[in-house]
Amino acid sequence: GVEKSHEEELRGTFGRTTLEVTASGRAKQVLTKEDPIAGKDLILSIDAGLQTKVEEVLEARMEGTPATKASVVVMNPTNGEILSLVSWPAYDANLFPEGDGTAYAALLEDERHPLFPRATAGEAPSGSTIKTMFAAAGLEEGIITPTTTIQSSGGIQVGPWFFPDWRGGGHGTTDVYHAIADSVNTFFYYIGAGYQEFEGLGIYRLMEYAEKFGFGQTTGIDLPGEADGFLPTPEWKEQTKGERWYIGDTYNTSIGQGDVLVTPLQMARATAVFANEGYLVTPRLTVVEEDEEIELTEVIPADTVDVIARAMRQTITAGSASSLQAVPVPVAGKTGTAQWSSTKPNHSWFTGFAPYENPELVITVLVEEGGDTGLAIPVTREILTFWFANSQ
């Protein structure tokens with residue numbers, strides 16, 4: 001894919017020689033000669049050791065579980081360089097130049113679809129990982145402040161419908177830090193659609209900010225076949241499902257359980273906004289050259305970034321990903337459990353950055369059908385521990 005994306009740079013320019021020949025085709029003399037110009041060399045940003053470790057961790061962690069498919073993206077948040085891009089199950093690319101038809105047929109018939117680049121083209125519900133972006137939207141629009149508190153007592157009742165917290169009995173008095181750290185649904189119900197006298201953002205503003213964070217569009221990575229995800233609207237629902245948009249749709253969307261679809265790469269890019277002081281960067285698989293300018297798009301200001309980053313740090317120190325305290329450097333992040341089927345296990349997400357101060361990398365892990373046990377968290381812990389234990 002990288003070769004295809006950079007074909008013009010790689011191929012260079014053909015040379016040309018004009019010869020005078022005899023009637024029989026024998027060369028007599030060279031009339032003109034233009035030397036070929038070599039193509040540009042590309043240096044990949046992928047770290048081979050990290051790439052190998054990620055695949056090893058995924059294979060070992062998913063063994064004995066219902067999960068067989070996963071994606072991992074590790075990216076430099078300041079310039080977009082991809083350090084690891086893994087779609088699991090993987091395959092041996094050497095099978096293709098060797099022309100092994102039997103092995104290729106086996107890949108095509110594999111129900112896990114190993115040839116599918118799920119890290120860049122796989123679309124899944126975001127689960128609670130999108131709550132950080134919606135919290136930032138609430139702060140920017142004045143819906144909440146860093147000191148706003150909401151009482152979580154187990155969920156909210158709207159007419160005959162009940163929208164629950166994931167913890168029975170609720171989470172108590174909740175501000176934005178606790179809401180992100182412990183993934184408190186009620187707080188985001190309020191932000192998303194409001195409740196009683198509390199005014200929420202509404203679906204249009206939620207989707208406006210989702211788009212600002214790069215969802216619903218391709219990231220621009222130098223690979224073909226990237227998916228753009230999906231952002232729902234009331235008009236879309238009426239046209240495709242023949243139903244009007246209900247407030248419950250907005251509640252579900254606000255906690256990442258609605259019709260929004262994202263790719264792991266999009267989620268990594270959006271997470272990088274909280275690691276690089278508020279900017280959207282374009283992911284890339286080639287190393288940034290010394291004189292190359294990086295295009296950055298400001299999404300949110302530094303003060304909002306600071307609030308969300310502090311909350312993401314609290315996810316590890318006192319929230320849903322406390323086991324990541326074992327990583328050699330301080331980590332910040334957000335967990336997610338995405339419901340996608342009524343008969344199969346939920347997807348398991350983690351997205352975050354490290355170190356918390358002066359972040360070096362963003363990591364996003366999606367374990368499909370990883371269940372409610374948070375399989376993405378131990379995968380993240382092993383990858384980050386490997387990286388920082390060997391890079392200090």
# chains A, B, ... in the order shown; residues from 1 in each chain; ligands from 1
$ closest_atom_pairs --of "segment 282-301 of chain A" --to "segment 45-66 of chain A" --cutoff "12 Å" --atoms "only C-alpha atoms" --output "CSV"
residue,atom,partner,partner_atom,distance
A:Pro283,CA,A:Ser45,CA,10.5
A:Arg284,CA,A:Ser45,CA,7.8
A:Leu285,CA,A:Ser45,CA,5.3
A:Thr286,CA,A:Ser45,CA,4.9
A:Val287,CA,A:Ser45,CA,4.9
A:Val288,CA,A:Ser45,CA,8.3
A:Glu289,CA,A:Ser45,CA,11.1
$ write_last_selection --atoms "N, CA and C atoms" --output "PDB file, in the first residue's frame"
ATOM      1  N   PRO A 283      -1.945  11.196   9.913  1.00  0.00           N
ATOM      2  CA  PRO A 283      -1.094  10.016  10.106  1.00  0.00           C
ATOM      3  C   PRO A 283      -0.289   9.711   8.853  1.00  0.00           C
ATOM      4  N   ARG A 284       0.907   9.139   9.033  1.00  0.00           N
ATOM      5  CA  ARG A 284       1.766   8.834   7.893  1.00  0.00           C
ATOM      6  C   ARG A 284       2.671   7.652   8.235  1.00  0.00           C
ATOM      7  N   LEU A 285       3.068   6.928   7.198  1.00  0.00           N
ATOM      8  CA  LEU A 285       3.945   5.774   7.367  1.00  0.00           C
ATOM      9  C   LEU A 285       5.367   6.052   6.926  1.00  0.00           C
ATOM     10  N   THR A 286       5.676   7.294   6.605  1.00  0.00           N
ATOM     11  CA  THR A 286       7.031   7.674   6.223  1.00  0.00           C
ATOM     12  C   THR A 286       7.574   8.688   7.220  1.00  0.00           C
ATOM     13  N   VAL A 287       8.885   8.647   7.418  1.00  0.00           N
ATOM     14  CA  VAL A 287       9.536   9.539   8.371  1.00  0.00           C
ATOM     15  C   VAL A 287       9.485  10.982   7.868  1.00  0.00           C
ATOM     16  N   VAL A 288       9.220  11.899   8.787  1.00  0.00           N
ATOM     17  CA  VAL A 288       9.197  13.318   8.448  1.00  0.00           C
ATOM     18  C   VAL A 288      10.628  13.799   8.184  1.00  0.00           C
ATOM     19  N   GLU A 289      10.828  14.466   7.053  1.00  0.00           N
ATOM     20  CA  GLU A 289      12.148  14.991   6.721  1.00  0.00           C
ATOM     21  C   GLU A 289      12.425  16.278   7.497  1.00  0.00           C
TER      22      GLU A 289
END
$ residues_around --residues "Gly374 of chain A" --least-positions-apart "6" --cutoff "10 Å" --atoms "only C-alpha atoms" --output "PyMOL selection string"
chain A and resi 320-321+335-337+346-350+367
$ residues_around --residues "segment 243-256 of chain A" --least-positions-apart "6" --cutoff "8 Å" --atoms "only C-alpha atoms" --output "ChimeraX atom specification"
/A:125-131,134,163,185,188-189,191-193,202-203,206,234,237,338
$ write_last_selection --atoms "N, CA and C atoms" --output "PDB file, in the first residue's frame"
ATOM      1  N   PRO A 125     -18.444   0.598  16.389  1.00  0.00           N
ATOM      2  CA  PRO A 125     -18.907   1.603  17.348  1.00  0.00           C
ATOM      3  C   PRO A 125     -17.756   1.993  18.272  1.00  0.00           C
ATOM      4  N   SER A 126     -17.725   3.238  18.662  1.00  0.00           N
ATOM      5  CA  SER A 126     -16.599   3.746  19.458  1.00  0.00           C
ATOM      6  C   SER A 126     -16.635   3.317  20.910  1.00  0.00           C
ATOM      7  N   GLY A 127     -17.824   2.942  21.400  1.00  0.00           N
ATOM      8  CA  GLY A 127     -17.934   2.749  22.837  1.00  0.00           C
ATOM      9  C   GLY A 127     -17.597   4.054  23.551  1.00  0.00           C
ATOM     10  N   SER A 128     -17.213   3.956  24.796  1.00  0.00           N
ATOM     11  CA  SER A 128     -17.006   5.152  25.616  1.00  0.00           C
ATOM     12  C   SER A 128     -15.755   5.942  25.269  1.00  0.00           C
ATOM     13  N   THR A 129     -14.926   5.455  24.331  1.00  0.00           N
ATOM     14  CA  THR A 129     -13.726   6.209  23.978  1.00  0.00           C
ATOM     15  C   THR A 129     -14.060   7.587  23.414  1.00  0.00           C
ATOM     16  N   ILE A 130     -15.248   7.739  22.840  1.00  0.00           N
ATOM     17  CA  ILE A 130     -15.618   9.025  22.239  1.00  0.00           C
ATOM     18  C   ILE A 130     -16.068  10.036  23.288  1.00  0.00           C
ATOM     19  N   LYS A 131     -16.222   9.602  24.534  1.00  0.00           N
ATOM     20  CA  LYS A 131     -16.685  10.510  25.583  1.00  0.00           C
ATOM     21  C   LYS A 131     -15.717  11.669  25.825  1.00  0.00           C
ATOM     22  N   PHE A 134     -16.668  14.347  23.386  1.00  0.00           N
ATOM     23  CA  PHE A 134     -17.937  14.989  23.718  1.00  0.00           C
ATOM     24  C   PHE A 134     -17.810  15.843  24.981  1.00  0.00           C
ATOM     25  N   PHE A 163     -32.430   4.946  30.926  1.00  0.00           N
ATOM     26  CA  PHE A 163     -31.086   4.935  30.349  1.00  0.00           C
ATOM     27  C   PHE A 163     -30.094   4.750  31.497  1.00  0.00           C
ATOM     28  N   ASN A 185     -22.015   7.201  32.544  1.00  0.00           N
ATOM     29  CA  ASN A 185     -22.988   7.440  31.466  1.00  0.00           C
ATOM     30  C   ASN A 185     -23.883   8.644  31.733  1.00  0.00           C
ATOM     31  N   PHE A 188     -22.788  12.006  30.625  1.00  0.00           N
ATOM     32  CA  PHE A 188     -22.795  12.226  29.175  1.00  0.00           C
ATOM     33  C   PHE A 188     -24.199  12.233  28.592  1.00  0.00           C
ATOM     34  N   TYR A 189     -25.152  11.611  29.284  1.00  0.00           N
ATOM     35  CA  TYR A 189     -26.551  11.801  28.883  1.00  0.00           C
ATOM     36  C   TYR A 189     -26.907  13.285  28.990  1.00  0.00           C
ATOM     37  N   ILE A 191     -24.789  15.890  28.979  1.00  0.00           N
ATOM     38  CA  ILE A 191     -24.053  16.659  27.971  1.00  0.00           C
ATOM     39  C   ILE A 191     -24.684  16.491  26.588  1.00  0.00           C
ATOM     40  N   GLY A 192     -25.058  15.254  26.254  1.00  0.00           N
ATOM     41  CA  GLY A 192     -25.527  14.962  24.908  1.00  0.00           C
ATOM     42  C   GLY A 192     -26.910  15.485  24.573  1.00  0.00           C
ATOM     43  N   ALA A 193     -27.881  15.138  25.398  1.00  0.00           N
ATOM     44  CA  ALA A 193     -29.266  15.505  25.091  1.00  0.00           C
ATOM     45  C   ALA A 193     -29.938  16.318  26.177  1.00  0.00           C
ATOM     46  N   GLY A 202     -27.237  18.352  21.980  1.00  0.00           N
ATOM     47  CA  GLY A 202     -28.083  17.942  20.864  1.00  0.00           C
ATOM     48  C   GLY A 202     -27.266  17.216  19.807  1.00  0.00           C
ATOM     49  N   ILE A 203     -27.927  16.453  18.979  1.00  0.00           N
ATOM     50  CA  ILE A 203     -27.225  15.579  18.036  1.00  0.00           C
ATOM     51  C   ILE A 203     -26.404  16.359  17.013  1.00  0.00           C
ATOM     52  N   LEU A 206     -23.193  17.538  18.650  1.00  0.00           N
ATOM     53  CA  LEU A 206     -22.353  16.363  18.921  1.00  0.00           C
ATOM     54  C   LEU A 206     -21.626  15.936  17.657  1.00  0.00           C
ATOM     55  N   PRO A 234     -30.492  12.932  12.106  1.00  0.00           N
ATOM     56  CA  PRO A 234     -31.920  12.621  12.061  1.00  0.00           C
ATOM     57  C   PRO A 234     -32.426  12.396  10.638  1.00  0.00           C
ATOM     58  N   LYS A 237     -31.582   8.876   9.496  1.00  0.00           N
ATOM     59  CA  LYS A 237     -32.436   7.852  10.108  1.00  0.00           C
ATOM     60  C   LYS A 237     -33.812   7.807   9.452  1.00  0.00           C
ATOM     61  N   ALA A 338     -17.893  -1.512  23.468  1.00  0.00           N
ATOM     62  CA  ALA A 338     -18.835  -1.174  22.403  1.00  0.00           C
ATOM     63  C   ALA A 338     -19.793  -2.322  22.125  1.00  0.00           C
TER      64      ALA A 338
END
$ closest_residue --among "A:Ala70, A:Ala137, A:Ala121, A:Leu280" --to "Val262 of chain A" --atoms "only C-alpha atoms"
A:Ala121
$ residues_around --residues "Ala268 of chain A" --least-positions-apart "2" --cutoff "9 Å" --atoms "only C-alpha atoms" --output "PDB file with N, CA and C atoms, in the first residue's frame"
ATOM      1  N   VAL A  73      -2.889   0.696  16.803  1.00  0.00           N
ATOM      2  CA  VAL A  73      -2.219   1.825  16.164  1.00  0.00           C
ATOM      3  C   VAL A  73      -1.358   2.505  17.221  1.00  0.00           C
ATOM      4  N   VAL A  74      -0.071   2.673  16.929  1.00  0.00           N
ATOM      5  CA  VAL A  74       0.827   3.441  17.791  1.00  0.00           C
ATOM      6  C   VAL A  74       1.393   4.568  16.938  1.00  0.00           C
ATOM      7  N   MET A  75       1.217   5.810  17.397  1.00  0.00           N
ATOM      8  CA  MET A  75       1.518   6.974  16.556  1.00  0.00           C
ATOM      9  C   MET A  75       2.206   8.074  17.354  1.00  0.00           C
ATOM     10  N   PRO A  77       2.174  11.663  18.316  1.00  0.00           N
ATOM     11  CA  PRO A  77       1.065  12.621  18.257  1.00  0.00           C
ATOM     12  C   PRO A  77       1.433  13.979  17.697  1.00  0.00           C
ATOM     13  N   THR A 263     -12.934   4.180  12.815  1.00  0.00           N
ATOM     14  CA  THR A 263     -11.842   3.239  12.602  1.00  0.00           C
ATOM     15  C   THR A 263     -10.816   3.424  13.726  1.00  0.00           C
ATOM     16  N   PRO A 264     -10.022   2.395  14.015  1.00  0.00           N
ATOM     17  CA  PRO A 264      -8.968   2.554  15.028  1.00  0.00           C
ATOM     18  C   PRO A 264      -8.015   3.703  14.708  1.00  0.00           C
ATOM     19  N   LEU A 265      -7.699   3.897  13.426  1.00  0.00           N
ATOM     20  CA  LEU A 265      -6.797   4.976  13.052  1.00  0.00           C
ATOM     21  C   LEU A 265      -7.434   6.334  13.330  1.00  0.00           C
ATOM     22  N   GLN A 266      -8.718   6.490  13.027  1.00  0.00           N
ATOM     23  CA  GLN A 266      -9.408   7.739  13.348  1.00  0.00           C
ATOM     24  C   GLN A 266      -9.367   8.011  14.851  1.00  0.00           C
ATOM     25  N   ALA A 270      -7.755  11.216  16.741  1.00  0.00           N
ATOM     26  CA  ALA A 270      -8.543  12.073  17.618  1.00  0.00           C
ATOM     27  C   ALA A 270      -7.926  12.144  19.010  1.00  0.00           C
ATOM     28  N   THR A 271      -7.417  11.028  19.504  1.00  0.00           N
ATOM     29  CA  THR A 271      -6.786  10.992  20.826  1.00  0.00           C
ATOM     30  C   THR A 271      -5.539  11.861  20.859  1.00  0.00           C
ATOM     31  N   ALA A 272      -4.829  11.913  19.731  1.00  0.00           N
ATOM     32  CA  ALA A 272      -3.609  12.723  19.653  1.00  0.00           C
ATOM     33  C   ALA A 272      -3.881  14.193  19.930  1.00  0.00           C
ATOM     34  N   THR A 351      -7.799   3.727  24.354  1.00  0.00           N
ATOM     35  CA  THR A 351      -7.041   4.715  23.600  1.00  0.00           C
ATOM     36  C   THR A 351      -6.431   5.693  24.582  1.00  0.00           C
ATOM     37  N   GLY A 352      -5.168   6.061  24.354  1.00  0.00           N
ATOM     38  CA  GLY A 352      -4.513   6.945  25.303  1.00  0.00           C
ATOM     39  C   GLY A 352      -3.153   7.393  24.811  1.00  0.00           C
ATOM     40  N   VAL A 362       0.835   7.969  21.001  1.00  0.00           N
ATOM     41  CA  VAL A 362      -0.580   7.649  21.207  1.00  0.00           C
ATOM     42  C   VAL A 362      -0.754   6.180  20.876  1.00  0.00           C
ATOM     43  N   ILE A 363      -1.563   5.485  21.659  1.00  0.00           N
ATOM     44  CA  ILE A 363      -1.850   4.086  21.369  1.00  0.00           C
ATOM     45  C   ILE A 363      -3.352   3.860  21.396  1.00  0.00           C
ATOM     46  N   THR A 364      -3.848   3.180  20.374  1.00  0.00           N
ATOM     47  CA  THR A 364      -5.259   2.794  20.308  1.00  0.00           C
ATOM     48  C   THR A 364      -5.331   1.296  20.052  1.00  0.00           C
ATOM     49  N   VAL A 365      -6.092   0.611  20.900  1.00  0.00           N
ATOM     50  CA  VAL A 365      -6.246  -0.845  20.788  1.00  0.00           C
ATOM     51  C   VAL A 365      -7.731  -1.170  20.706  1.00  0.00           C
TER      52      VAL A 365
END
$ atom_distance --atom1 "atom CA of Leu85 of chain A" --atom2 "atom CA of Gly225 of chain A"
14.6 Å
